[in-house]
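Content type mmCIF, C-alpha atoms, from the file data08.cif:
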```
data_run
#
loop_
_atom_site.label_atom_id
_atom_site.label_comp_id
_atom_site.auth_asym_id
_atom_site.auth_seq_id
_atom_site.Cartn_x
_atom_site.Cartn_y
_atom_site.Cartn_z
CA MET X 15 188.02 115.32 359.91
CA ARG X 16 190.64 117.24 357.97
CA GLU X 17 189.71 115.65 354.66
CA LEU X 18 186.01 116.39 355.09
CA GLY X 19 186.59 119.85 356.52
CA ARG X 20 188.85 120.84 353.65
CA ALA X 21 186.13 119.71 351.25
CA GLY X 22 183.66 122.10 352.89
CA VAL X 23 181.72 119.57 354.97
CA ARG X 24 180.47 120.66 358.41
CA VAL X 25 182.23 118.19 360.72
CA ILE X 26 180.86 117.44 364.19
CA GLY X 27 183.14 115.36 366.37
CA VAL X 28 182.02 113.18 369.26
CA ALA X 29 184.82 112.19 371.64
CA GLN X 30 184.98 110.27 374.91
CA GLU X 31 187.72 112.41 376.51
CA PRO X 32 188.13 116.21 376.60
CA SER X 33 191.81 115.64 375.76
CA ALA X 34 191.00 114.00 372.40
CA ILE X 35 193.25 115.65 369.83
CA GLY X 36 190.51 115.85 367.21
CA LEU X 37 188.66 118.37 369.37
CA ARG X 38 191.48 120.84 368.67
CA SER X 39 191.21 120.70 364.90
CA ARG X 40 190.30 123.88 363.02
CA TYR X 41 188.15 121.72 360.75
CA LEU X 42 185.77 120.79 363.57
CA ALA X 43 182.59 122.85 363.48
CA GLU X 44 181.42 121.46 366.82
CA GLY X 45 182.97 119.16 369.40
CA ILE X 46 180.96 117.09 371.87
CA VAL X 47 182.34 115.02 374.75
CA VAL X 48 180.34 111.99 375.91
CA ALA X 49 182.14 110.14 378.68
CA GLU X 50 179.95 107.02 378.46
CA PRO X 51 180.89 105.11 375.30
CA ARG X 52 178.18 103.17 373.45
CA SER X 53 175.45 104.28 375.85
CA GLU X 54 171.86 105.48 375.78
CA HIS X 55 173.19 108.96 376.46
CA LEU X 56 175.37 108.77 373.37
CA ILE X 57 172.35 107.70 371.31
CA ASP X 58 170.46 110.75 372.58
CA VAL X 59 173.37 113.05 371.75
CA VAL X 60 173.71 111.72 368.20
CA ARG X 61 169.96 111.84 367.65
CA GLY X 62 170.04 115.46 368.79
CA ILE X 63 172.65 116.28 366.14
CA GLY X 64 170.23 115.10 363.47
CA GLU X 65 167.42 117.15 364.96
CA ARG X 66 169.61 120.29 364.83
CA TYR X 67 171.22 119.86 361.43
CA GLY X 68 168.97 117.47 359.51
CA PRO X 69 169.88 114.18 357.82
CA CYS X 70 173.59 113.37 357.99
CA PRO X 71 175.92 110.33 357.97
CA LEU X 72 177.91 109.13 360.97
CA LEU X 73 181.43 107.78 360.38
CA ALA X 74 183.28 105.75 363.03
CA VAL X 75 186.85 104.45 363.16
CA SER X 76 187.01 101.67 365.77
CA GLU X 77 185.75 98.09 365.59
CA ALA X 78 183.99 98.39 368.94
CA ASN X 79 182.01 101.40 367.75
CA LEU X 80 181.21 99.79 364.40
CA VAL X 81 179.82 96.69 366.09
CA TRP X 82 177.72 98.82 368.44
CA LEU X 83 176.45 101.03 365.62
CA ALA X 84 175.53 98.00 363.53
CA GLY X 85 173.29 96.78 366.33
CA GLN X 86 171.78 100.21 366.99
CA ARG X 87 171.60 101.61 363.47
CA SER X 88 167.86 102.35 363.63
CA GLU X 89 168.08 104.30 366.90
CA PHE X 90 169.69 107.54 365.70
CA GLY X 91 166.80 109.31 364.03
CA LEU X 92 167.98 111.45 361.13
CA VAL X 93 171.61 110.37 361.58
CA THR X 94 172.62 107.34 359.52
CA PRO X 95 175.59 105.27 360.76
CA VAL X 96 177.88 104.25 357.90
CA VAL X 97 178.43 100.59 358.77
CA PRO X 98 178.53 97.37 356.75
CA SER X 99 176.08 94.56 357.25
CA ALA X 100 176.32 92.67 360.53
CA THR X 101 177.15 89.47 358.61
CA ALA X 102 180.05 91.01 356.71
CA LEU X 103 181.35 92.73 359.84
CA ALA X 104 181.29 89.45 361.76
CA VAL X 105 183.48 87.77 359.12
CA VAL X 106 186.01 90.62 359.07
CA LEU X 107 186.28 90.76 362.86
CA ASP X 108 186.93 87.01 363.08
CA LYS X 109 190.42 86.31 361.72
CA ARG X 110 189.69 82.62 361.32
CA ALA X 111 186.57 83.32 359.23
CA THR X 112 188.51 85.91 357.19
CA LEU X 113 191.27 83.42 356.40
CA GLU X 114 188.72 80.83 355.31
CA ALA X 115 187.05 83.35 353.01
CA ALA X 116 190.46 84.34 351.60
CA GLU X 117 191.36 80.74 350.81
CA ALA X 118 188.07 80.36 348.97
CA ALA X 119 188.94 83.48 346.95
CA GLY X 120 192.32 82.01 345.93
CA ILE X 121 194.44 84.11 348.28
CA ARG X 122 197.39 82.48 350.05
CA THR X 123 197.14 82.49 353.83
CA PRO X 124 199.52 81.46 356.62
CA VAL X 125 198.98 78.16 358.41
CA SER X 126 196.73 79.02 361.37
CA ILE X 127 195.81 76.61 364.15
CA LEU X 128 193.26 77.34 366.88
CA PRO X 129 194.13 75.38 370.05
CA GLU X 130 191.26 73.86 371.97
CA SER X 131 190.90 72.46 375.45
CA GLY X 132 193.39 69.62 375.90
CA TRP X 133 195.73 70.96 373.20
CA ASP X 134 198.91 68.98 372.66
CA LEU X 135 202.18 70.87 372.18
CA ALA X 136 203.76 68.23 369.94
CA ASP X 137 200.69 68.21 367.69
CA LEU X 138 200.72 72.01 367.39
CA LEU X 139 204.43 72.00 366.51
CA ARG X 140 203.87 69.34 363.88
CA ARG X 141 201.08 71.31 362.23
CA CYS X 142 202.69 74.76 362.55
CA PRO X 143 206.49 74.80 362.87
CA LEU X 144 208.17 77.60 364.78
CA PRO X 145 208.71 80.53 364.71
CA ALA X 146 205.04 81.44 364.96
CA VAL X 147 202.86 84.38 365.90
CA LEU X 148 199.94 84.22 368.34
CA LYS X 149 196.91 86.33 367.39
CA TRP X 150 193.41 86.42 368.78
CA SER X 151 190.79 85.41 366.25
CA ASP X 152 188.37 88.06 367.54
CA PRO X 153 190.23 90.48 369.83
CA ALA X 154 187.17 92.61 370.63
CA SER X 155 185.15 89.68 371.96
CA VAL X 156 187.93 88.23 374.11
CA ALA X 157 189.12 91.57 375.55
CA PRO X 158 186.58 91.68 378.44
CA LEU X 159 187.42 88.10 379.43
CA LEU X 160 191.14 88.86 379.45
CA ALA X 161 190.60 92.02 381.49
CA ALA X 162 188.51 90.14 384.04
CA HIS X 163 191.47 87.80 384.64
CA GLY X 164 194.09 90.56 384.66
CA LEU X 165 195.60 89.44 381.36
CA PRO X 166 196.81 91.88 378.68
CA LEU X 167 195.34 91.89 375.18
CA LEU X 168 198.35 91.23 372.95
CA LYS X 169 197.73 91.98 369.30
CA ALA X 170 200.60 89.72 368.19
CA GLU X 171 203.05 87.66 370.23
CA HIS X 172 206.06 86.03 368.58
CA VAL X 173 207.17 82.63 369.86
CA LEU X 174 210.55 81.21 368.87
CA ARG X 175 210.94 78.07 370.97
CA PRO X 176 208.60 75.25 372.05
CA SER X 177 208.91 76.40 375.64
CA ASP X 178 207.79 79.91 374.59
CA LEU X 179 204.71 78.49 372.89
CA GLN X 180 203.80 76.31 375.84
CA ALA X 181 204.20 79.14 378.35
CA ALA X 182 202.17 81.55 376.20
CA LEU X 183 199.28 79.12 375.73
CA GLU X 184 199.24 78.04 379.39
CA ARG X 185 198.81 81.70 380.30
CA TYR X 186 195.28 81.52 378.89
CA THR X 187 194.23 78.23 380.49
CA PRO X 188 192.23 80.06 383.23
CA ILE X 189 189.91 81.63 380.64
CA GLY X 190 189.53 78.54 378.45
CA GLU X 191 190.24 80.51 375.27
CA TRP X 192 193.40 80.49 373.16
CA PRO X 193 194.79 82.62 370.33
CA LEU X 194 195.51 81.38 366.84
CA VAL X 195 198.95 79.88 366.38
CA GLN X 196 199.94 81.33 363.03
CA GLU X 197 202.86 80.55 360.77
CA TYR X 198 205.51 83.28 360.70
CA CYS X 199 205.64 85.02 357.32
CA PRO X 200 208.81 86.92 356.32
CA GLY X 201 208.69 90.13 354.35
CA TYR X 202 207.12 93.57 354.80
CA GLY X 203 203.61 94.82 355.31
CA LEU X 204 201.61 95.63 352.19
CA GLY X 205 198.25 97.33 352.64
CA GLN X 206 195.61 97.58 349.91
CA PHE X 207 192.70 99.95 350.52
CA PHE X 208 189.31 100.10 348.84
CA LEU X 209 185.99 101.88 348.96
CA ILE X 210 183.17 99.68 347.73
CA ASP X 211 179.64 100.91 347.10
CA GLN X 212 176.95 98.49 345.89
CA GLY X 213 179.66 96.08 344.79
CA GLN X 214 181.54 98.68 342.75
CA VAL X 215 185.05 99.81 343.61
CA LEU X 216 184.99 103.60 343.78
CA ARG X 217 188.57 104.09 344.95
CA ARG X 218 191.73 102.13 345.62
CA PHE X 219 195.13 102.86 347.13
CA GLN X 220 198.06 100.87 348.50
CA HIS X 221 201.14 101.35 350.62
CA ARG X 222 204.22 99.56 351.88
CA ARG X 223 205.20 99.61 355.52
CA ILE X 224 208.72 100.94 355.98
CA ALA X 225 208.77 100.77 359.79
CA GLU X 226 206.43 99.25 362.36
CA TRP X 227 205.88 99.41 366.08
CA PRO X 228 206.87 97.15 367.65
CA PRO X 229 209.76 96.54 365.23
CA GLU X 230 208.85 92.88 364.75
CA GLY X 231 205.42 93.82 363.43
CA GLY X 232 202.43 95.78 364.61
CA PHE X 233 201.12 99.00 363.14
CA SER X 234 202.78 101.27 360.63
CA SER X 235 204.95 104.12 361.92
CA VAL X 236 206.38 104.92 358.47
CA CYS X 237 204.76 103.98 355.17
CA ASP X 238 205.22 104.71 351.47
CA ALA X 239 202.54 105.00 348.82
CA VAL X 240 202.82 102.30 346.14
CA PRO X 241 201.80 102.91 342.48
CA LEU X 242 198.56 101.19 341.55
CA ASP X 243 200.14 99.43 338.59
CA GLU X 244 202.08 97.29 341.09
CA HIS X 245 200.44 94.21 342.66
CA ALA X 246 197.55 94.62 340.21
CA GLU X 247 196.56 90.95 340.28
CA LEU X 248 196.62 90.92 344.07
CA GLN X 249 194.34 93.97 344.11
CA GLU X 250 191.77 92.07 342.08
CA ARG X 251 191.95 89.13 344.49
CA SER X 252 191.47 91.54 347.41
CA ILE X 253 188.40 92.98 345.72
CA ALA X 254 187.05 89.48 345.06
CA LEU X 255 187.50 88.68 348.76
CA LEU X 256 185.63 91.81 349.88
CA ARG X 257 182.81 91.08 347.44
CA ALA X 258 182.59 87.47 348.62
CA ILE X 259 182.25 88.74 352.19
CA GLY X 260 179.58 91.19 351.05
CA TRP X 261 181.58 94.19 352.19
CA GLU X 262 180.37 97.75 351.65
CA GLY X 263 182.39 100.84 352.58
CA VAL X 264 186.10 101.33 353.29
CA ALA X 265 188.41 98.44 354.07
CA MET X 266 192.09 97.63 354.31
CA VAL X 267 193.30 94.24 353.10
CA GLU X 268 196.64 93.61 354.78
CA TYR X 269 199.32 91.26 353.50
CA ARG X 270 202.82 90.19 354.37
CA PHE X 271 204.79 90.39 351.12
CA ASP X 272 208.00 88.40 350.69
CA PRO X 273 210.07 90.20 348.00
CA LEU X 274 212.42 87.23 347.61
CA ARG X 275 209.63 84.84 346.69
CA GLN X 276 207.36 87.54 345.25
CA GLU X 277 204.62 86.04 347.39
CA ALA X 278 201.89 87.71 349.46
CA ARG X 279 200.01 86.11 352.33
CA LEU X 280 196.92 87.60 353.88
CA MET X 281 197.21 88.82 357.46
CA GLU X 282 193.78 90.37 358.06
CA VAL X 283 191.07 92.66 356.79
CA ASN X 284 190.45 95.91 358.68
CA GLY X 285 186.88 96.96 358.00
CA ARG X 286 187.34 100.57 359.01
CA PHE X 287 189.45 103.66 358.43
CA TRP X 288 192.96 102.34 359.08
CA GLY X 289 195.67 103.74 361.35
CA SER X 290 197.91 104.93 358.51
CA PHE X 291 194.99 106.74 356.86
CA PRO X 292 196.89 110.11 356.85
CA LEU X 293 199.05 108.85 353.96
CA ALA X 294 195.91 108.31 351.88
CA VAL X 295 194.71 111.80 352.81
CA HIS X 296 198.01 113.44 351.85
CA SER X 297 198.01 111.45 348.60
CA GLY X 298 194.57 112.70 347.61
CA ALA X 299 192.87 109.30 347.72
CA GLY X 300 189.68 110.91 349.04
CA PHE X 301 188.24 107.92 350.89
CA ALA X 302 186.47 109.94 353.60
CA TRP X 303 185.07 112.42 351.06
CA LEU X 304 183.72 109.62 348.86
CA ALA X 305 182.36 107.68 351.86
CA TYR X 306 180.53 110.81 352.99
CA ARG X 307 179.06 111.48 349.55
CA THR X 308 177.81 107.94 349.01
CA ALA X 309 176.33 107.83 352.51
CA ALA X 310 174.59 111.17 351.91
CA GLY X 311 173.09 109.90 348.64
CA LEU X 312 175.28 112.17 346.50
CA PRO X 313 176.96 111.03 343.28
CA PRO X 314 180.62 110.01 343.69
CA ALA X 315 183.04 112.86 343.10
CA SER X 316 185.45 112.65 340.18
CA LEU X 317 188.95 112.64 341.66
CA PRO X 318 192.37 112.49 340.00
CA PRO X 319 194.51 109.41 340.62
CA PRO X 320 196.11 109.45 344.08
CA ARG X 321 199.76 110.35 344.36
CA ALA X 322 202.17 107.44 344.66
CA ASP X 323 205.34 109.32 345.64
CA LEU X 324 204.74 110.29 349.27
CA ARG X 325 205.91 108.92 352.60
CA CYS X 326 204.05 109.43 355.89
CA ARG X 327 205.44 109.00 359.39
CA MET X 328 204.47 109.09 363.06
CA VAL X 329 207.52 110.57 364.77
CA ALA X 330 206.58 109.74 368.38
CA THR X 331 206.23 106.07 367.50
CA GLU X 332 209.46 106.17 365.50
CA VAL X 333 211.31 107.42 368.58
CA LYS X 334 210.04 104.44 370.61
CA ARG X 335 211.07 102.13 367.79
CA LEU X 336 214.57 103.62 367.60
CA TRP X 337 214.97 103.27 371.36
CA ARG X 338 214.08 99.58 371.14
CA ILE X 339 216.51 98.97 368.25
CA LEU X 340 219.39 100.91 369.77
CA PHE X 341 219.10 100.03 373.44
CA GLN X 342 216.80 97.00 373.74
CA PRO X 343 217.56 94.80 370.71
CA GLY X 344 217.12 91.67 372.80
CA ARG X 345 213.40 92.44 373.13
CA ILE X 346 212.83 92.24 369.36
CA ALA X 347 211.15 88.87 368.88
CA ASP X 348 211.28 88.62 365.08
CA PRO X 349 214.09 86.16 364.20
CA ALA X 350 214.41 87.66 360.72
CA PHE X 351 214.54 91.30 361.83
CA ALA X 352 217.72 92.89 360.46
CA LEU X 353 219.39 95.01 363.12
CA ARG X 354 220.82 98.00 361.24
CA PRO X 355 220.94 100.71 363.93
CA TRP X 356 222.80 103.40 361.99
CA HIS X 357 220.70 102.82 358.90
CA GLU X 358 217.60 103.37 361.05
CA VAL X 359 219.04 106.53 362.61
CA SER X 360 220.11 108.00 359.28
CA ARG X 361 216.71 107.30 357.70
CA PHE X 362 214.94 108.82 360.70
CA VAL X 363 216.98 112.04 360.44
CA ALA X 364 216.96 112.25 356.64
CA ASP X 365 213.15 112.03 356.50
CA PHE X 366 212.92 115.43 358.20
CA PHE X 367 214.59 116.98 355.13
CA ARG X 368 212.85 115.08 352.34
CA PRO X 369 210.24 117.23 350.57
CA LYS X 370 207.88 114.32 349.93
CA VAL X 371 207.53 113.26 353.56
CA ARG X 372 204.28 114.01 355.40
CA TYR X 373 203.12 113.42 358.98
CA TYR X 374 200.31 111.53 360.67
CA VAL X 375 199.31 114.33 363.05
CA TRP X 376 201.31 117.45 362.23
CA SER X 377 199.85 119.77 359.60
CA THR X 378 200.93 123.33 358.91
CA ASP X 379 197.32 124.45 358.34
CA ASP X 380 196.02 122.63 361.45
CA PRO X 381 198.76 122.55 364.13
CA LEU X 382 196.69 122.39 367.34
CA PRO X 383 196.02 118.61 367.24
CA PHE X 384 199.77 118.02 367.18
CA LEU X 385 200.28 120.27 370.19
CA ALA X 386 197.45 118.49 372.01
CA ASP X 387 199.02 115.13 371.16
CA LEU X 388 202.35 116.33 372.53
CA ARG X 389 200.67 117.58 375.70
CA ASN X 390 198.88 114.24 376.19
CA ALA X 391 202.13 112.31 375.70
CA MET X 392 203.96 114.45 378.24
CA ALA X 393 201.11 114.11 380.75
CA ALA X 394 201.13 110.32 380.35
CA LEU X 395 204.91 110.25 380.85
CA LEU X 396 204.67 112.36 384.00
CA ASN X 397 201.90 110.15 385.37
CA ARG X 398 204.12 107.08 384.93
#
```
How does the structure come out when it is put into structure tokens?
Amino acid sequence: MRELGRAGVRVIGVAQEPSAIGLRSRYLAEGIVVAEPRSEHLIDVVRGIGERYGPCPLLAVSEANLVWLAGQRSEFGLVTPVVPSATALAVVLDKRATLEAAEAAGIRTPVSILPESGWDLADLLRRCPLPAVLKWSDPASVAPLLAAHGLPLLKAEHVLRPSDLQAALERYTPIGEWPLVQEYCPGYGLGQFFLIDQGQVLRRFQHRRIAEWPPEGGFSSVCDAVPLDEHAELQERSIALLRAIGWEGVAMVEYRFDPLRQEARLMEVNGRFWGSFPLAVHSGAGFAWLAYRTAAGLPPASLPPPRADLRCRMVATEVKRLWRILFQPGRIADPAFALRPWHEVSRFVADFFRPKVRYYVWSTDDPLPFLADLRNAMAALLNR
């Protein structure tokens, strides 16, 4: 919203909750709340936007919305959803299919085993030694089944001992579905980001994860831009993978990079605007602006190279991470995680004074979303 608004685009936001922080942005020309997600009412609302303003593109950020839009793309009148093909989206949303496509493109992948009914613990341990990480192949499709049985949707679960693996897999016996058992990969998160239009790469960017929540691996709470002359060969392999899938639009290709071995292994492909997108915005990568222009049938804008000297952070998530490291270190499941409490504290404090540090939500020219985020966090805490 900020990137498009600053470029002079009229931005209309559709949210599910009145408390959505985007509704407080100064760059929002109009905010609409539709409580029923992915509904006929929502289709009517979006179609009405096209009738009022004329032809316009619709950008979404979640997998669930992208899947829904892909199946309803012809229902919105003058509004055109910016979504990839259903075939490409299906591959990206299925981690097993993504890993197979990556191997075909010459990208190293972790050993990944999908247990089936009657799985044998000894066989799994022989094929994928511990420690390992459990991940759902297609989280969106299994989420309703888990919810129906009162089971949480865990993005990643580390298992260190055979008994941990057995207990974790037996948890899912009632639903008859099991997550991938994936080889643990040491190193740090490396994200490579691309905008592809008709097979051509219009923009690229990359970052390194400095801190994650949870600490053993999850989403980025602090990340640094990485110069594009680094990992150049890996970028080309990422592009080859996206082309092989038939991907169009923005995508993040996520790796675990081991600096000791100088080796990268693919974790997943996120076929959407990614969670650490603010770093790309602050760096001038222009992904949203270019996505809007291509979707609107306009020629791509000529942009300078993105900055590669900025850091971006989410302070609220950093506080949770520090609490875990300082007071709950036993809950950190990563066996290779280096506990350096005072290093973490000093970096957290020092980042407030570094001139090249930016923030996920806070912006001096658009402060109200931050205040709304703070209000929502306090309300959630009080409710608990």
Two-atom distance - atom CA of X:Leu148, atom CA of X:Thr101 (Å): 25.3 Å
Hits of the PyMOL selection byres ((chain X and resi 180) around 12) in this structure, as a ChimeraX atom specification: /X:129,133-139,144,148,173-179,181-187,192,195
Residues selected by the PyMOL selection byres ((chain X and resi 239) around 6), written as a ChimeraX atom specification: /X:221,238,240,322,324
Within 12 Å of file point (212.8, 99.9, 370.3), counting all atoms listed in the file, expressed as number ranges by chain: X: 225-231, 330-347, 353, 355, 358-359
Surrounding residues of stretch 306-312 of chain X excluding itself and chain neighbours under 3 positions, 9 Å, only C-alpha atoms, as a list of chain:residue names: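 Those residues are X:Leu18, X:Pro69, X:Cys70, X:Pro71, X:Leu72, X:Leu73, X:Thr94, X:Pro95, X:Val96, X:Asp211, X:Phe301, X:Ala302, X:Trp303, X:Ala315.
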Result set, the PyMOL selection byres ((chain X and resi 266-271) around 9) on current file, as JSON, numbers by chain: {"X": [199, 200, 201, 202, 203, 204, 205, 206, 207, 208, 220, 252, 253, 256, 264, 265, 272, 273, 274, 275, 276, 277, 278, 279, 280, 281, 282, 283, 284, 285, 286, 287, 288]}
Quick one: which stretch 184-227 of chain X residues come within 10 Å of stretch 155-158 of chain X, and what is the nearest atom pair for each with the distance in Å to one decimal, counting only C-alpha atoms, rows ordered by chain and ascending number, as JSON lines?
```
{"residue": "X:Ile189", "atom": "CA", "partner": "X:Val156", "partner_atom": "CA", "distance": 9.5}
{"residue": "X:Glu191", "atom": "CA", "partner": "X:Val156", "partner_atom": "CA", "distance": 8.1}
{"residue": "X:Trp192", "atom": "CA", "partner": "X:Val156", "partner_atom": "CA", "distance": 9.5}
{"residue": "X:Pro193", "atom": "CA", "partner": "X:Val156", "partner_atom": "CA", "distance": 9.6}
```
Saved selection, atoms kept: C-alpha atoms, as a compact mmCIF listing (two decimals), keeping the file's coordinate frame:
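Final file, again-v1.txt:
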```txt
# COMPACT_ATOMS: atom_id res chain seq x y z
CA ILE X 189 189.91 81.63 380.64
CA GLU X 191 190.24 80.51 375.27
CA TRP X 192 193.40 80.49 373.16
CA PRO X 193 194.79 82.62 370.33
```
d(atom CA of X:Ala350, atom CA of X:Pro292) in Å: 28.7 Å
All residues 6 Å or closer to stretch 108-122 of chain X, all atoms listed in the file, same chain fewer than 3 positions away omitted, as a count of residues only: 5
Among listed residues X:His296, X:Arg217, X:Arg223, X:His245, nearest X:Pro314 (using all atoms listed in the file):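 Of all the options, X:Arg217 lies closest to X:Pro314.
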Separation of atom CA of X:Ser39 from atom CA of X:Asp380 in Å: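 Atom CA of X:Ser39 lies 6.2 Å from atom CA of X:Asp380.
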Please produce, as JSON lines, a per-residue contact table for stretch 73-126 of chain X versus stretch 44-66 of chain X (criterion: any atom at most 9 Å away, all atoms listed in the file considered), showing the nearest atom pair and its distance in Å to one decimal, sorted by chain then residue number.
```
{"residue": "X:Ala78", "atom": "CA", "partner": "X:Arg52", "partner_atom": "CA", "distance": 8.8}
{"residue": "X:Asn79", "atom": "CA", "partner": "X:Arg52", "partner_atom": "CA", "distance": 7.1}
{"residue": "X:Trp82", "atom": "CA", "partner": "X:Arg52", "partner_atom": "CA", "distance": 6.7}
{"residue": "X:Leu83", "atom": "CA", "partner": "X:Arg52", "partner_atom": "CA", "distance": 8.3}
{"residue": "X:Gln86", "atom": "CA", "partner": "X:Ile57", "partner_atom": "CA", "distance": 8.7}
{"residue": "X:Glu89", "atom": "CA", "partner": "X:Ile57", "partner_atom": "CA", "distance": 7.0}
{"residue": "X:Phe90", "atom": "CA", "partner": "X:Arg61", "partner_atom": "CA", "distance": 4.7}
{"residue": "X:Gly91", "atom": "CA", "partner": "X:Arg61", "partner_atom": "CA", "distance": 5.4}
{"residue": "X:Leu92", "atom": "CA", "partner": "X:Gly64", "partner_atom": "CA", "distance": 4.9}
{"residue": "X:Val93", "atom": "CA", "partner": "X:Gly64", "partner_atom": "CA", "distance": 5.3}
```
Using all atoms of stretch 139-145 of chain X listed in the file and a margin of 6 Å per side, can you give the axis-aligned box centre and edge lengths in Å to one decimal, as AutoDock Vina command-line options?
```
--center_x 204.9 --center_y 74.9 --center_z 364.4 --size_x 19.6 --size_y 23.2 --size_z 16.3
```
Answer as JSON, numbers by chain, residues within 12 Å of (204.3, 107.9, 353.5) using only C-alpha atoms: {"X": [220, 221, 222, 223, 224, 225, 234, 235, 236, 237, 238, 239, 240, 290, 291, 292, 293, 294, 295, 296, 297, 321, 322, 323, 324, 325, 326, 327, 328, 365, 368, 369, 370, 371, 372, 373, 374]}
Could you take the residues named above and write them with C-alpha atoms, as an mmCIF file, in the frame of the given file?
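Output file again.cif is given in full below:
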```
data_model
loop_
_atom_site.group_PDB
_atom_site.id
_atom_site.type_symbol
_atom_site.label_atom_id
_atom_site.label_comp_id
_atom_site.auth_asym_id
_atom_site.auth_seq_id
_atom_site.Cartn_x
_atom_site.Cartn_y
_atom_site.Cartn_z
ATOM 1 C CA GLN X 220 198.060 100.870 348.500
ATOM 2 C CA HIS X 221 201.140 101.350 350.620
ATOM 3 C CA ARG X 222 204.220 99.560 351.880
ATOM 4 C CA ARG X 223 205.200 99.610 355.520
ATOM 5 C CA ILE X 224 208.720 100.940 355.980
ATOM 6 C CA ALA X 225 208.770 100.770 359.790
ATOM 7 C CA SER X 234 202.780 101.270 360.630
ATOM 8 C CA SER X 235 204.950 104.120 361.920
ATOM 9 C CA VAL X 236 206.380 104.920 358.470
ATOM 10 C CA CYS X 237 204.760 103.980 355.170
ATOM 11 C CA ASP X 238 205.220 104.710 351.470
ATOM 12 C CA ALA X 239 202.540 105.000 348.820
ATOM 13 C CA VAL X 240 202.820 102.300 346.140
ATOM 14 C CA SER X 290 197.910 104.930 358.510
ATOM 15 C CA PHE X 291 194.990 106.740 356.860
ATOM 16 C CA PRO X 292 196.890 110.110 356.850
ATOM 17 C CA LEU X 293 199.050 108.850 353.960
ATOM 18 C CA ALA X 294 195.910 108.310 351.880
ATOM 19 C CA VAL X 295 194.710 111.800 352.810
ATOM 20 C CA HIS X 296 198.010 113.440 351.850
ATOM 21 C CA SER X 297 198.010 111.450 348.600
ATOM 22 C CA ARG X 321 199.760 110.350 344.360
ATOM 23 C CA ALA X 322 202.170 107.440 344.660
ATOM 24 C CA ASP X 323 205.340 109.320 345.640
ATOM 25 C CA LEU X 324 204.740 110.290 349.270
ATOM 26 C CA ARG X 325 205.910 108.920 352.600
ATOM 27 C CA CYS X 326 204.050 109.430 355.890
ATOM 28 C CA ARG X 327 205.440 109.000 359.390
ATOM 29 C CA MET X 328 204.470 109.090 363.060
ATOM 30 C CA ASP X 365 213.150 112.030 356.500
ATOM 31 C CA ARG X 368 212.850 115.080 352.340
ATOM 32 C CA PRO X 369 210.240 117.230 350.570
ATOM 33 C CA LYS X 370 207.880 114.320 349.930
ATOM 34 C CA VAL X 371 207.530 113.260 353.560
ATOM 35 C CA ARG X 372 204.280 114.010 355.400
ATOM 36 C CA TYR X 373 203.120 113.420 358.980
ATOM 37 C CA TYR X 374 200.310 111.530 360.670
#
```
X:Val25 surroundings by all atoms listed in the file, 8 Å radius, close-in-sequence under 5 positions cut, as a list in words: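 Everything that qualifies: Met15, Leu18, Gly19, Tyr41, Leu42, Ala43 and Glu44 of chain X.
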Quick one: write out the picked residues with C-alpha atoms as a tab-separated table (two decimals), in the frame of the given file?
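Written out: again_25.tsv:
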```tsv
chain	number	residue	atom	x	y	z
X	15	MET	CA	188.02	115.32	359.91
X	18	LEU	CA	186.01	116.39	355.09
X	19	GLY	CA	186.59	119.85	356.52
X	41	TYR	CA	188.15	121.72	360.75
X	42	LEU	CA	185.77	120.79	363.57
X	43	ALA	CA	182.59	122.85	363.48
X	44	GLU	CA	181.42	121.46	366.82
```
